[in-house]
Amino acid sequence: MLSAKSAEVVEATLPVVGGAIGDITPLFYDRMFAAHPELLRDLFNRGNQANGSQRQALAGSIAAFASALIAHPDQRPDAMLARIAHKHVSVGITNDQYRIVHEHLFAAIVDVLGEAVTPEVAAAWDEVYWLMANALIAVEDRLRAETALGQDGLWRPYTVVARYQETDEVTTYLVRPADGGPVPPSRPGQYVSVRTVLADGARQIRQYSLSGSPDGALQFSVKRAAAGTAGAPDGEVSHHLYEHLHAGTTIELTPPLGDVAPADGDGPVLLASAGIGNTPMTAMLAHLAATGSTRRVVSVHGDRDQLSHAFRADLAQLTAKLPDATAHVFYERPLGDWPAERTGLVDLSTVAVPAGTTAYLCGPLPFLRSVRAQLLTAGVPAADIHYEVFGPDLWLGQDA
């Protein structure tokens, strides 16, 4: 809980700090990477740093946490903290790195805001930072314990036993532990982190959703992102995997992590996705079919066209296995005479959303915002709408 004195100061200065975040975060990252270049090379996503999305995500998380403390002083935003903690554990963030972030973040705040950062203001925001940091450290320590991880035990080598070309852009990899040991447990909707060594020696990390749960193996799917121009690092890992990850090769993975997974129960479920966002939804649908679920299941997917729609056959086959399931597919530009149930963007006004629905969403941020708004209009409570977003979460604090 934020102290009363600090709460007053944070509430008064939140507009100023929030308004300057766009200047503070680039300076913070520049300072931190100058002092610790290994963090950019081996920990942070160089593509997200180049396009600014990681910087926006950091700003959003701190501002959202501070706002939550002010709006609900007796509550902690556990859902937001859990989402961040899973991401941190999945890339190997360590507890001592919170002090590195604190040092360079607060130096950047002082550089940008100058005399406005009085000792009282600095102390109040310092309290906010360490409330958030210590809460995250506690959650992350618990996650490491639950997955039998120590600070140095994150990565494990896996051997690729098969790869499947889902579409021209999407490839599925089937992997087993190289040491012959057991596959770690997973839940549908979770992801693994993949660490690969690129041509320049950088060890870059990316998260990819599990797209199924075959016995004795892990299965994840990768969409080749558009390559960056003028030397930008966008898509460097997905292209590297496409070129170099074949049957018989070895790759380093983390155990499955992620806080978005279907809860047990018998109420209706809606799975909504766009593009490659259907990877966790395919895993959820496969889990429901494999367990003989009798729940009402509504699957909704939006894609560019039939050829870009990965797991198209899986959607039809898994839906047919469930006794009370329907699938609704929207194509922006359907090809030829192929049957398309819907044309255009996902529009839930044409889909029957059962009362009592719990919804799970995955896709680009504009899709998530649009579908969430449509679900709220359809009467689904905000607390029953859960989402997964690939890359930095620019929507922290919104899912409440």
# chains A, B, ... in the order shown; residues from 1 in each chain; ligands from 1

$ select_by_dssp --residues "stretch 127-275 of chain A" --states "strand (DSSP E or B)" --output "ChimeraX atom specification"
/A:156-165,170-177,191-197,203-212,218-223,250-253,257,269-274

$ write_last_selection --atoms "C-alpha atoms" --output "PDB file, in the first residue's frame"
ATOM      1  CA  ARG A 156      17.236 -26.249 -21.548  1.00  0.00           C
ATOM      2  CA  PRO A 157      18.315 -27.685 -24.921  1.00  0.00           C
ATOM      3  CA  TYR A 158      15.624 -29.277 -27.084  1.00  0.00           C
ATOM      4  CA  THR A 159      16.014 -31.245 -30.314  1.00  0.00           C
ATOM      5  CA  VAL A 160      13.745 -30.531 -33.261  1.00  0.00           C
ATOM      6  CA  VAL A 161      12.072 -33.795 -34.263  1.00  0.00           C
ATOM      7  CA  ALA A 162       9.815 -32.342 -36.969  1.00  0.00           C
ATOM      8  CA  ARG A 163       8.736 -29.094 -38.599  1.00  0.00           C
ATOM      9  CA  TYR A 164       5.563 -28.429 -40.540  1.00  0.00           C
ATOM     10  CA  GLN A 165       4.807 -25.620 -42.945  1.00  0.00           C
ATOM     11  CA  VAL A 170       3.851 -19.902 -40.412  1.00  0.00           C
ATOM     12  CA  THR A 171       5.998 -22.882 -39.397  1.00  0.00           C
ATOM     13  CA  THR A 172       5.287 -25.324 -36.571  1.00  0.00           C
ATOM     14  CA  TYR A 173       8.164 -26.979 -34.693  1.00  0.00           C
ATOM     15  CA  LEU A 174       7.922 -30.199 -32.682  1.00  0.00           C
ATOM     16  CA  VAL A 175      10.719 -30.492 -30.093  1.00  0.00           C
ATOM     17  CA  ARG A 176      11.797 -32.916 -27.348  1.00  0.00           C
ATOM     18  CA  PRO A 177      14.292 -32.432 -24.497  1.00  0.00           C
ATOM     19  CA  TYR A 191       4.127 -19.925 -24.488  1.00  0.00           C
ATOM     20  CA  VAL A 192       7.798 -20.848 -24.467  1.00  0.00           C
ATOM     21  CA  SER A 193      10.765 -18.549 -24.868  1.00  0.00           C
ATOM     22  CA  VAL A 194      13.270 -19.492 -27.563  1.00  0.00           C
ATOM     23  CA  ARG A 195      16.880 -18.323 -27.368  1.00  0.00           C
ATOM     24  CA  THR A 196      19.023 -18.405 -30.475  1.00  0.00           C
ATOM     25  CA  VAL A 197      22.486 -17.155 -31.389  1.00  0.00           C
ATOM     26  CA  ARG A 203      21.624 -14.233 -28.032  1.00  0.00           C
ATOM     27  CA  GLN A 204      18.150 -12.988 -28.810  1.00  0.00           C
ATOM     28  CA  ILE A 205      15.003 -14.248 -27.081  1.00  0.00           C
ATOM     29  CA  ARG A 206      11.451 -14.487 -28.412  1.00  0.00           C
ATOM     30  CA  GLN A 207       8.221 -15.948 -27.039  1.00  0.00           C
ATOM     31  CA  TYR A 208       6.107 -18.309 -29.166  1.00  0.00           C
ATOM     32  CA  SER A 209       2.750 -19.785 -28.176  1.00  0.00           C
ATOM     33  CA  LEU A 210       2.268 -23.504 -27.813  1.00  0.00           C
ATOM     34  CA  SER A 211      -0.019 -24.606 -30.640  1.00  0.00           C
ATOM     35  CA  GLY A 212      -0.648 -28.105 -29.314  1.00  0.00           C
ATOM     36  CA  LEU A 218       6.378 -29.431 -27.059  1.00  0.00           C
ATOM     37  CA  GLN A 219       4.879 -27.813 -30.140  1.00  0.00           C
ATOM     38  CA  PHE A 220       5.181 -24.126 -30.953  1.00  0.00           C
ATOM     39  CA  SER A 221       4.503 -22.124 -34.093  1.00  0.00           C
ATOM     40  CA  VAL A 222       6.383 -19.167 -35.559  1.00  0.00           C
ATOM     41  CA  LYS A 223       5.263 -16.562 -38.050  1.00  0.00           C
ATOM     42  CA  THR A 250      19.057 -28.084 -31.200  1.00  0.00           C
ATOM     43  CA  ILE A 251      17.450 -24.980 -29.715  1.00  0.00           C
ATOM     44  CA  GLU A 252      17.256 -23.573 -26.183  1.00  0.00           C
ATOM     45  CA  LEU A 253      13.796 -23.208 -24.626  1.00  0.00           C
ATOM     46  CA  LEU A 257       4.834 -19.894 -18.988  1.00  0.00           C
ATOM     47  CA  VAL A 269     -16.225 -20.177 -23.737  1.00  0.00           C
ATOM     48  CA  LEU A 270     -15.469 -17.800 -26.595  1.00  0.00           C
ATOM     49  CA  LEU A 271     -12.064 -18.007 -28.304  1.00  0.00           C
ATOM     50  CA  ALA A 272     -11.346 -14.998 -30.519  1.00  0.00           C
ATOM     51  CA  SER A 273      -8.187 -14.498 -32.553  1.00  0.00           C
ATOM     52  CA  ALA A 274      -6.707 -12.713 -35.526  1.00  0.00           C
TER      53      ALA A 274
END

$ closest_atom_pairs --of "stretch 82-175 of chain A" --to "stretch 8-23 of chain A" --cutoff "8 Å" --atoms "only C-alpha atoms" --output "Markdown table"
| residue | atom | partner | partner_atom | distance |
| --- | --- | --- | --- | --- |
| A:Val112 | CA | A:Asp23 | CA | 7.0 |
| A:Leu113 | CA | A:Ala20 | CA | 7.8 |
| A:Glu120 | CA | A:Val9 | CA | 7.7 |
| A:Val121 | CA | A:Val9 | CA | 6.3 |
| A:Ala124 | CA | A:Val10 | CA | 6.3 |
| A:Trp125 | CA | A:Val10 | CA | 6.7 |

$ residues_around --residues "A:Pro364" --least-positions-apart "2" --cutoff "8 Å" --atoms "only C-alpha atoms" --output "PDB file with C-alpha atoms, in the first residue's frame"
ATOM      1  CA  ALA A 274      -6.707 -12.713 -35.526  1.00  0.00           C
ATOM      2  CA  GLY A 277      -3.057 -15.080 -32.611  1.00  0.00           C
ATOM      3  CA  CYS A 362      -5.245 -13.087 -28.885  1.00  0.00           C
ATOM      4  CA  PRO A 366      -6.351  -2.937 -32.510  1.00  0.00           C
ATOM      5  CA  PHE A 367      -8.115  -6.317 -32.802  1.00  0.00           C
ATOM      6  CA  LEU A 368      -8.028  -6.832 -29.021  1.00  0.00           C
ATOM      7  CA  VAL A 389      -0.751 -10.072 -26.851  1.00  0.00           C
ATOM      8  CA  PHE A 390       2.445 -10.975 -28.691  1.00  0.00           C
TER       9      PHE A 390
END

$ closest_residue --among "A:Asp303, A:Asp266, A:Glu169, A:Asp259" --to "A:His328" --atoms "only C-alpha atoms"
A:Asp303

$ atom_distance --atom1 "atom CA of A:Val346" --atom2 "atom CA of A:Glu388"
17.2 Å

$ select_by_dssp --residues "stretch 163-253 of chain A" --states "alpha helix (DSSP H)" --output "short mmCIF file (atom, residue, chain, number, x, y, z; two decimals) with C-alpha atoms, in the first residue's frame"
data_model
loop_
_atom_site.label_atom_id
_atom_site.label_comp_id
_atom_site.auth_asym_id
_atom_site.auth_seq_id
_atom_site.Cartn_x
_atom_site.Cartn_y
_atom_site.Cartn_z
CA GLU A 236 15.59 -11.27 -37.34
CA VAL A 237 14.81 -14.20 -35.05
CA SER A 238 11.82 -15.60 -36.95
CA HIS A 239 13.82 -15.49 -40.19
CA HIS A 240 16.80 -17.13 -38.48
CA LEU A 241 14.61 -19.96 -37.19
CA TYR A 242 13.01 -20.46 -40.61
CA GLU A 243 16.42 -20.73 -42.26
CA HIS A 244 18.28 -22.75 -39.64
#

$ decode --residues "stretch 134-173 of chain A" --atoms "N, CA and C atoms" --output "PDB file, in the first residue's frame"
ATOM      1  N   ASN A 134       9.203  -4.932  -5.872  1.00  0.00           N
ATOM      2  CA  ASN A 134       9.205  -5.987  -4.857  1.00  0.00           C
ATOM      3  C   ASN A 134       8.022  -6.940  -5.030  1.00  0.00           C
ATOM      4  N   ALA A 135       6.879  -6.405  -5.472  1.00  0.00           N
ATOM      5  CA  ALA A 135       5.738  -7.283  -5.750  1.00  0.00           C
ATOM      6  C   ALA A 135       6.066  -8.224  -6.909  1.00  0.00           C
ATOM      7  N   LEU A 136       6.716  -7.696  -7.951  1.00  0.00           N
ATOM      8  CA  LEU A 136       7.092  -8.528  -9.090  1.00  0.00           C
ATOM      9  C   LEU A 136       8.131  -9.574  -8.689  1.00  0.00           C
ATOM     10  N   ILE A 137       9.100  -9.167  -7.890  1.00  0.00           N
ATOM     11  CA  ILE A 137      10.130 -10.109  -7.440  1.00  0.00           C
ATOM     12  C   ILE A 137       9.504 -11.272  -6.694  1.00  0.00           C
ATOM     13  N   ALA A 138       8.519 -10.983  -5.842  1.00  0.00           N
ATOM     14  CA  ALA A 138       7.856 -12.044  -5.084  1.00  0.00           C
ATOM     15  C   ALA A 138       7.116 -13.008  -6.018  1.00  0.00           C
ATOM     16  N   VAL A 139       6.395 -12.456  -6.992  1.00  0.00           N
ATOM     17  CA  VAL A 139       5.652 -13.308  -7.932  1.00  0.00           C
ATOM     18  C   VAL A 139       6.621 -14.120  -8.791  1.00  0.00           C
ATOM     19  N   GLU A 140       7.697 -13.467  -9.231  1.00  0.00           N
ATOM     20  CA  GLU A 140       8.666 -14.161 -10.087  1.00  0.00           C
ATOM     21  C   GLU A 140       9.395 -15.267  -9.334  1.00  0.00           C
ATOM     22  N   ASP A 141       9.739 -15.023  -8.072  1.00  0.00           N
ATOM     23  CA  ASP A 141      10.361 -16.078  -7.268  1.00  0.00           C
ATOM     24  C   ASP A 141       9.421 -17.279  -7.130  1.00  0.00           C
ATOM     25  N   ARG A 142       8.133 -16.990  -6.950  1.00  0.00           N
ATOM     26  CA  ARG A 142       7.162 -18.080  -6.816  1.00  0.00           C
ATOM     27  C   ARG A 142       7.038 -18.859  -8.126  1.00  0.00           C
ATOM     28  N   LEU A 143       7.044 -18.152  -9.247  1.00  0.00           N
ATOM     29  CA  LEU A 143       6.962 -18.830 -10.539  1.00  0.00           C
ATOM     30  C   LEU A 143       8.184 -19.718 -10.769  1.00  0.00           C
ATOM     31  N   ARG A 144       9.356 -19.230 -10.403  1.00  0.00           N
ATOM     32  CA  ARG A 144      10.568 -20.045 -10.570  1.00  0.00           C
ATOM     33  C   ARG A 144      10.485 -21.302  -9.717  1.00  0.00           C
ATOM     34  N   ALA A 145       9.968 -21.150  -8.519  1.00  0.00           N
ATOM     35  CA  ALA A 145       9.843 -22.315  -7.642  1.00  0.00           C
ATOM     36  C   ALA A 145       8.834 -23.317  -8.206  1.00  0.00           C
ATOM     37  N   GLU A 146       7.720 -22.812  -8.737  1.00  0.00           N
ATOM     38  CA  GLU A 146       6.683 -23.689  -9.272  1.00  0.00           C
ATOM     39  C   GLU A 146       7.163 -24.449 -10.505  1.00  0.00           C
ATOM     40  N   THR A 147       8.072 -23.833 -11.278  1.00  0.00           N
ATOM     41  CA  THR A 147       8.583 -24.485 -12.490  1.00  0.00           C
ATOM     42  C   THR A 147       9.952 -25.115 -12.253  1.00  0.00           C
ATOM     43  N   ALA A 148      10.332 -25.240 -10.964  1.00  0.00           N
ATOM     44  CA  ALA A 148      11.600 -25.876 -10.574  1.00  0.00           C
ATOM     45  C   ALA A 148      12.795 -25.174 -11.190  1.00  0.00           C
ATOM     46  N   LEU A 149      12.735 -23.821 -11.247  1.00  0.00           N
ATOM     47  CA  LEU A 149      13.824 -23.040 -11.825  1.00  0.00           C
ATOM     48  C   LEU A 149      14.582 -22.292 -10.736  1.00  0.00           C
ATOM     49  N   GLY A 150      15.874 -22.243 -10.859  1.00  0.00           N
ATOM     50  CA  GLY A 150      16.680 -21.320 -10.071  1.00  0.00           C
ATOM     51  C   GLY A 150      17.028 -20.140 -10.949  1.00  0.00           C
ATOM     52  N   GLN A 151      17.781 -19.204 -10.426  1.00  0.00           N
ATOM     53  CA  GLN A 151      18.145 -18.030 -11.224  1.00  0.00           C
ATOM     54  C   GLN A 151      18.954 -18.430 -12.460  1.00  0.00           C
ATOM     55  N   ASP A 152      19.690 -19.556 -12.401  1.00  0.00           N
ATOM     56  CA  ASP A 152      20.538 -19.959 -13.517  1.00  0.00           C
ATOM     57  C   ASP A 152      20.008 -21.186 -14.236  1.00  0.00           C
ATOM     58  N   GLY A 153      18.794 -21.607 -13.935  1.00  0.00           N
ATOM     59  CA  GLY A 153      18.290 -22.848 -14.499  1.00  0.00           C
ATOM     60  C   GLY A 153      17.183 -22.673 -15.510  1.00  0.00           C
ATOM     61  N   LEU A 154      17.152 -21.552 -16.205  1.00  0.00           N
ATOM     62  CA  LEU A 154      16.028 -21.253 -17.089  1.00  0.00           C
ATOM     63  C   LEU A 154      16.068 -22.051 -18.383  1.00  0.00           C
ATOM     64  N   TRP A 155      17.241 -22.130 -19.007  1.00  0.00           N
ATOM     65  CA  TRP A 155      17.323 -22.634 -20.372  1.00  0.00           C
ATOM     66  C   TRP A 155      17.655 -24.120 -20.410  1.00  0.00           C
ATOM     67  N   ARG A 156      17.036 -24.811 -21.383  1.00  0.00           N
ATOM     68  CA  ARG A 156      17.236 -26.249 -21.548  1.00  0.00           C
ATOM     69  C   ARG A 156      17.292 -26.550 -23.041  1.00  0.00           C
ATOM     70  N   PRO A 157      18.247 -27.370 -23.484  1.00  0.00           N
ATOM     71  CA  PRO A 157      18.315 -27.685 -24.921  1.00  0.00           C
ATOM     72  C   PRO A 157      17.239 -28.678 -25.341  1.00  0.00           C
ATOM     73  N   TYR A 158      16.631 -28.399 -26.478  1.00  0.00           N
ATOM     74  CA  TYR A 158      15.624 -29.277 -27.084  1.00  0.00           C
ATOM     75  C   TYR A 158      16.071 -29.605 -28.508  1.00  0.00           C
ATOM     76  N   THR A 159      15.720 -30.814 -28.950  1.00  0.00           N
ATOM     77  CA  THR A 159      16.014 -31.245 -30.314  1.00  0.00           C
ATOM     78  C   THR A 159      14.750 -31.165 -31.159  1.00  0.00           C
ATOM     79  N   VAL A 160      14.881 -30.590 -32.343  1.00  0.00           N
ATOM     80  CA  VAL A 160      13.745 -30.531 -33.261  1.00  0.00           C
ATOM     81  C   VAL A 160      13.554 -31.915 -33.871  1.00  0.00           C
ATOM     82  N   VAL A 161      12.358 -32.471 -33.688  1.00  0.00           N
ATOM     83  CA  VAL A 161      12.072 -33.795 -34.263  1.00  0.00           C
ATOM     84  C   VAL A 161      11.233 -33.681 -35.535  1.00  0.00           C
ATOM     85  N   ALA A 162      10.588 -32.547 -35.738  1.00  0.00           N
ATOM     86  CA  ALA A 162       9.815 -32.342 -36.969  1.00  0.00           C
ATOM     87  C   ALA A 162       9.480 -30.865 -37.108  1.00  0.00           C
ATOM     88  N   ARG A 163       9.270 -30.435 -38.333  1.00  0.00           N
ATOM     89  CA  ARG A 163       8.736 -29.094 -38.599  1.00  0.00           C
ATOM     90  C   ARG A 163       7.708 -29.199 -39.714  1.00  0.00           C
ATOM     91  N   TYR A 164       6.666 -28.391 -39.590  1.00  0.00           N
ATOM     92  CA  TYR A 164       5.563 -28.429 -40.540  1.00  0.00           C
ATOM     93  C   TYR A 164       5.302 -27.023 -41.050  1.00  0.00           C
ATOM     94  N   GLN A 165       5.114 -26.906 -42.345  1.00  0.00           N
ATOM     95  CA  GLN A 165       4.807 -25.620 -42.945  1.00  0.00           C
ATOM     96  C   GLN A 165       3.296 -25.440 -42.963  1.00  0.00           C
ATOM     97  N   GLU A 166       2.782 -24.591 -42.077  1.00  0.00           N
ATOM     98  CA  GLU A 166       1.336 -24.371 -41.990  1.00  0.00           C
ATOM     99  C   GLU A 166       0.847 -23.495 -43.138  1.00  0.00           C
ATOM    100  N   THR A 167       1.571 -22.399 -43.396  1.00  0.00           N
ATOM    101  CA  THR A 167       1.305 -21.494 -44.512  1.00  0.00           C
ATOM    102  C   THR A 167       2.666 -21.017 -45.017  1.00  0.00           C
ATOM    103  N   ASP A 168       2.662 -20.125 -45.989  1.00  0.00           N
ATOM    104  CA  ASP A 168       3.935 -19.586 -46.474  1.00  0.00           C
ATOM    105  C   ASP A 168       4.686 -18.849 -45.368  1.00  0.00           C
ATOM    106  N   GLU A 169       3.957 -18.341 -44.368  1.00  0.00           N
ATOM    107  CA  GLU A 169       4.587 -17.525 -43.332  1.00  0.00           C
ATOM    108  C   GLU A 169       4.695 -18.213 -41.976  1.00  0.00           C
ATOM    109  N   VAL A 170       3.937 -19.280 -41.743  1.00  0.00           N
ATOM    110  CA  VAL A 170       3.851 -19.902 -40.412  1.00  0.00           C
ATOM    111  C   VAL A 170       4.431 -21.313 -40.443  1.00  0.00           C
ATOM    112  N   THR A 171       5.361 -21.571 -39.522  1.00  0.00           N
ATOM    113  CA  THR A 171       5.998 -22.882 -39.397  1.00  0.00           C
ATOM    114  C   THR A 171       5.794 -23.401 -37.983  1.00  0.00           C
ATOM    115  N   THR A 172       5.446 -24.677 -37.870  1.00  0.00           N
ATOM    116  CA  THR A 172       5.287 -25.324 -36.571  1.00  0.00           C
ATOM    117  C   THR A 172       6.487 -26.238 -36.314  1.00  0.00           C
ATOM    118  N   TYR A 173       7.015 -26.166 -35.085  1.00  0.00           N
ATOM    119  CA  TYR A 173       8.164 -26.979 -34.693  1.00  0.00           C
ATOM    120  C   TYR A 173       7.751 -27.928 -33.568  1.00  0.00           C
TER     121      TYR A 173
END
